[in-house]
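Trainee: Quick one: structure below, then a few questions.
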Amino acid sequence: VWIDSDLKAFVQKGLSGTILMEILARVFLFVITILLTNWLPLEDYGRYSFYIASIISIATIGTLGLDDLLVREIGSKESQSSFISILGVSIVTASILAIIWFNINSLPDNDIKFYLIIAAIFLSAIYMISALLKGHKHVLSAQIPEQIIRPFFVLIGLGFLWVIYNKFDLLNVVIVIFASILMSSMFSLILLRRKGLLNHLGLLKLSTFRWSWDMFFFAALTLFGVLRHKLDILILGYFDFYSSTAIYNVASKLSDFLLVGLILTNAVYMPLFAAQKGAPDNEKLTKILESSLLINLLIGSFFFLVFLMFGPFILELFGLSYVEGYTALVILSSSTWIYALIGPYIIMLMMMGLERQVLIGLVLGI
């Protein structure tokens with residue numbers, strides 16, 4: 001039961017398109033993972049897992065949480081003044097972090113290091129552009145570059161490698177990842193142009209923010225999110241436990257299927273929550289949260305039961321070595337299920353200007 005027809009139409013359009021996109025993205029990811037785990041040696045897939053976790057972590061931290069803040073400020077139509085570009089800040093931060101991180105790790109060669117550093121920088125920019133699109137309620141367009149374009153070109157690149165070389169090696173796989181992120185960033189710019197938002201990329205006028213404590217809390221929440229999602233992979237990879245990294249990463253990727261509902265609802269509802277900042281409509285917020293909780297509960301329960309009952313058989317698709325990750329899969333699925341249920345409340349509080357309370361709650365929950 002929805003409050004008004006406009007809200008109902010927006011949510012139905014956003015959810016239907018997002019569901020289709022999420023299904024395609026998950027199919028792409030599943031196929032890519034099966035190909036890499038079966039065609040790369042166990043330790044090489046572990047190295048690949050560590051590299052990808054590093055890229056995503058650096059790109060995410062590089063945004064300093066300003067991508068979520070951008071969605072909120074656009075959605076709430078608040079006007080402030082600033083001379084600094086959050087896109088420029090994101091690129092500079094990601095560049096510094098990438099250079100430091102990949103130089104303190106023992107990578108096989110400098111070519112891999114170069115591609116990983118550039119990929120992390122471009123991915124951070126993609127996150128910011130997606131936030132700009134999402135803030136203007138272009139929900140589907142915000143998801144296409146990362147959810148569809150990047151995995152599609154990864155599949156194309158892997159297919160090309162197989163046809164030309166009839167095998168994979170780590171350097172060529174890294175080049176494919178770099179190329180896919182480059183294509184995704186180009187597509188993001190095309191979407192900005194089509195939506196009439198390209199002028200927002202001016203280095204001195206992308207945002208209308210002034211420095212505030214909001215930025216600090218959003219940055220802290222972003223760091224907390226990275227630690228929750230990627231710290232285990234980063235630790236295993238940093239200490240060269242590549243076999244364990246490979247097995248654990250496959251279990252982690254599968255457990256992320258329980259977040260499908262959270263991804264769907266957050267993509268659609270984030271700008272709706274932001275629009276409520278300042279003058280919240282409690283009845284509308286209640287309806288949004290109820291529908292979000294129901295979606296997450298149903299999807300999370302389905303995948304949890306599937307992994308609990310058929311986990312070993314699913315893991316065997318990736319190779320016999322990965323079956324020993326069943327216990328990790330069940331544990332990760334349990335914690336991910338809980339997170340999926342509380343996720344909408346976290347997003348709502350952040351978009352409503354209560355990020356300080358969210359951070360305190362998460363820290364106390366540790």
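Scheme for the structure tokens: letters A, B, ... for chains in order shown; per-chain residue numbers from 1; ligand numbers from 1 in order shown.
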Enumerate as a PyMOL selection string all residues of region 60-214 of chain A assigned to helix (DSSP H, G or I) by DSSP on the backbone, naming them with the chain letters and numbers the document uses.
Mentor: chain A and resi 60-62+66-76+86-104+110-135+139-165+170-194+198-201+213-214
Trainee: Which one is closest to Val139 (chain A): A:Leu191, A:Leu349, A:Gly225, A:Phe239? Count only C-alpha atoms.
Mentor: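 Answer, going by the shortest atom-to-atom distance: A:Leu191.
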Trainee: Taking into account only C-alpha atoms, which residue in the set A:Val330, A:Leu289, A:Leu170, A:Ile117 is nearest to Met309 (chain A)?
Mentor: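 Closest to Met309 (chain A), using only C-alpha atoms: A:Val330.
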Trainee: Considering only C-alpha atoms, state which residue in the set A:Ala131, A:Leu42, A:Ile299, A:Ile190 is at the smallest distance from Ile86 (chain A).
Mentor: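 Nearest to Ile86 (chain A): A:Ala131.
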Trainee: Can you pull out every residue within 12 Å of Asp232 (chain A), counting only C-alpha atoms, but drop anything in the same chain fewer than 2 positions away, and send it as a ChimeraX atom specification?
Mentor: /A:49-50,53-54,57,226-230,234-239,241,244-246,248-249,251-252,328,332
Trainee: Okay, now the selection with N, CA, C and O atoms, as a CSV table (one decimal), in the first residue's frame?
Mentor:
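Written file, again.csv:
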chain,number,residue,atom,x,y,z
A,49,SER,N,42.1,-12.0,-6.4
A,49,SER,CA,41.1,-11.6,-5.4
A,49,SER,C,41.7,-10.4,-4.6
A,49,SER,O,40.9,-9.5,-4.3
A,50,PHE,N,42.9,-10.5,-4.2
A,50,PHE,CA,43.6,-9.5,-3.4
A,50,PHE,C,43.7,-8.2,-4.2
A,50,PHE,O,43.4,-7.1,-3.7
A,53,ALA,N,40.1,-6.6,-4.5
A,53,ALA,CA,39.7,-6.1,-3.2
A,53,ALA,C,40.4,-4.8,-2.9
A,53,ALA,O,39.9,-3.8,-2.4
A,54,SER,N,41.7,-4.7,-3.3
A,54,SER,CA,42.5,-3.5,-3.1
A,54,SER,C,42.0,-2.4,-3.9
A,54,SER,O,41.8,-1.2,-3.5
A,57,SER,N,38.6,-1.2,-2.5
A,57,SER,CA,38.8,-0.5,-1.2
A,57,SER,C,39.3,0.9,-1.4
A,57,SER,O,38.9,1.9,-0.8
A,226,VAL,N,34.3,-0.3,4.3
A,226,VAL,CA,35.4,-1.0,3.6
A,226,VAL,C,36.0,-2.1,4.6
A,226,VAL,O,36.3,-3.2,4.2
A,227,LEU,N,36.2,-1.7,5.8
A,227,LEU,CA,36.8,-2.6,6.8
A,227,LEU,C,35.9,-3.8,7.0
A,227,LEU,O,36.3,-5.0,7.1
A,228,ARG,N,34.6,-3.6,7.0
A,228,ARG,CA,33.6,-4.7,7.1
A,228,ARG,C,33.6,-5.6,5.9
A,228,ARG,O,33.6,-6.9,6.1
A,229,HIS,N,33.7,-5.1,4.7
A,229,HIS,CA,33.5,-5.9,3.5
A,229,HIS,C,34.8,-6.5,3.0
A,229,HIS,O,34.8,-7.5,2.4
A,230,LYS,N,35.9,-5.8,3.1
A,230,LYS,CA,37.2,-6.1,2.4
A,230,LYS,C,38.4,-6.4,3.3
A,230,LYS,O,39.4,-6.9,2.8
A,234,LEU,N,42.0,-8.4,2.4
A,234,LEU,CA,43.2,-7.6,2.3
A,234,LEU,C,44.2,-8.1,3.3
A,234,LEU,O,45.4,-8.1,2.9
A,235,ILE,N,43.8,-8.6,4.4
A,235,ILE,CA,44.8,-9.2,5.4
A,235,ILE,C,45.4,-10.4,4.9
A,235,ILE,O,46.6,-10.7,4.9
A,236,LEU,N,44.5,-11.3,4.4
A,236,LEU,CA,45.0,-12.6,3.8
A,236,LEU,C,46.0,-12.4,2.7
A,236,LEU,O,47.0,-13.0,2.6
A,237,GLY,N,45.6,-11.5,1.8
A,237,GLY,CA,46.5,-11.2,0.6
A,237,GLY,C,47.8,-10.5,1.0
A,237,GLY,O,48.8,-10.8,0.4
A,238,TYR,N,47.7,-9.6,1.9
A,238,TYR,CA,48.9,-8.8,2.4
A,238,TYR,C,49.9,-9.8,2.9
A,238,TYR,O,51.1,-9.6,2.7
A,239,PHE,N,49.5,-10.8,3.6
A,239,PHE,CA,50.5,-11.7,4.2
A,239,PHE,C,50.7,-12.9,3.3
A,239,PHE,O,51.2,-14.0,3.7
A,241,PHE,N,48.8,-15.2,1.9
A,241,PHE,CA,48.1,-16.5,2.1
A,241,PHE,C,47.1,-16.6,0.9
A,241,PHE,O,45.9,-16.5,1.0
A,244,SER,N,44.3,-19.4,0.7
A,244,SER,CA,43.2,-19.1,1.6
A,244,SER,C,42.4,-17.9,1.1
A,244,SER,O,41.2,-17.9,1.2
A,245,THR,N,43.1,-16.9,0.5
A,245,THR,CA,42.4,-15.8,-0.1
A,245,THR,C,41.5,-16.2,-1.2
A,245,THR,O,40.3,-15.7,-1.2
A,246,ALA,N,41.9,-17.1,-2.0
A,246,ALA,CA,41.1,-17.5,-3.1
A,246,ALA,C,39.8,-18.2,-2.6
A,246,ALA,O,38.7,-17.9,-3.0
A,248,TYR,N,38.4,-18.1,0.4
A,248,TYR,CA,37.6,-17.2,1.2
A,248,TYR,C,36.9,-16.2,0.3
A,248,TYR,O,35.7,-15.9,0.5
A,249,ASN,N,37.5,-15.8,-0.8
A,249,ASN,CA,36.9,-14.8,-1.7
A,249,ASN,C,35.7,-15.4,-2.4
A,249,ASN,O,34.7,-14.7,-2.6
A,251,ALA,N,33.7,-17.8,-1.2
A,251,ALA,CA,32.7,-17.8,-0.2
A,251,ALA,C,32.1,-16.4,0.0
A,251,ALA,O,30.9,-16.3,0.1
A,252,SER,N,32.9,-15.4,0.0
A,252,SER,CA,32.5,-14.1,0.3
A,252,SER,C,31.6,-13.6,-0.9
A,252,SER,O,30.6,-12.9,-0.7
A,328,ALA,N,33.0,-21.3,5.9
A,328,ALA,CA,33.1,-19.8,5.8
A,328,ALA,C,31.8,-19.2,5.1
A,328,ALA,O,31.3,-18.2,5.4
A,332,LEU,N,29.6,-16.4,6.8
A,332,LEU,CA,29.4,-15.1,6.1
A,332,LEU,C,28.0,-14.8,5.7
A,332,LEU,O,27.5,-13.7,5.8
Trainee: If I take CA of Ile263 (chain A) and CA of Arg356 (chain A), how far is one from the other in Å, to one decimal?
Mentor: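 These two atoms are separated by 22.6 Å.
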Trainee: Just want the 9 Å neighbourhood of Ser184 (chain A), counted on only C-alpha atoms, with same-chain residues fewer than 3 positions away dropped. Output as a PyMOL selection string.
Mentor: chain A and resi 122-123+126+144-146+148-150+153+179-181+187-189
Trainee: Closest to Asn172 (chain A) among A:Trp337, A:Tyr115, A:Phe30, A:Phe303, using only C-alpha atoms?
Mentor: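 Closest to Asn172 (chain A) of all the choices is A:Tyr115.
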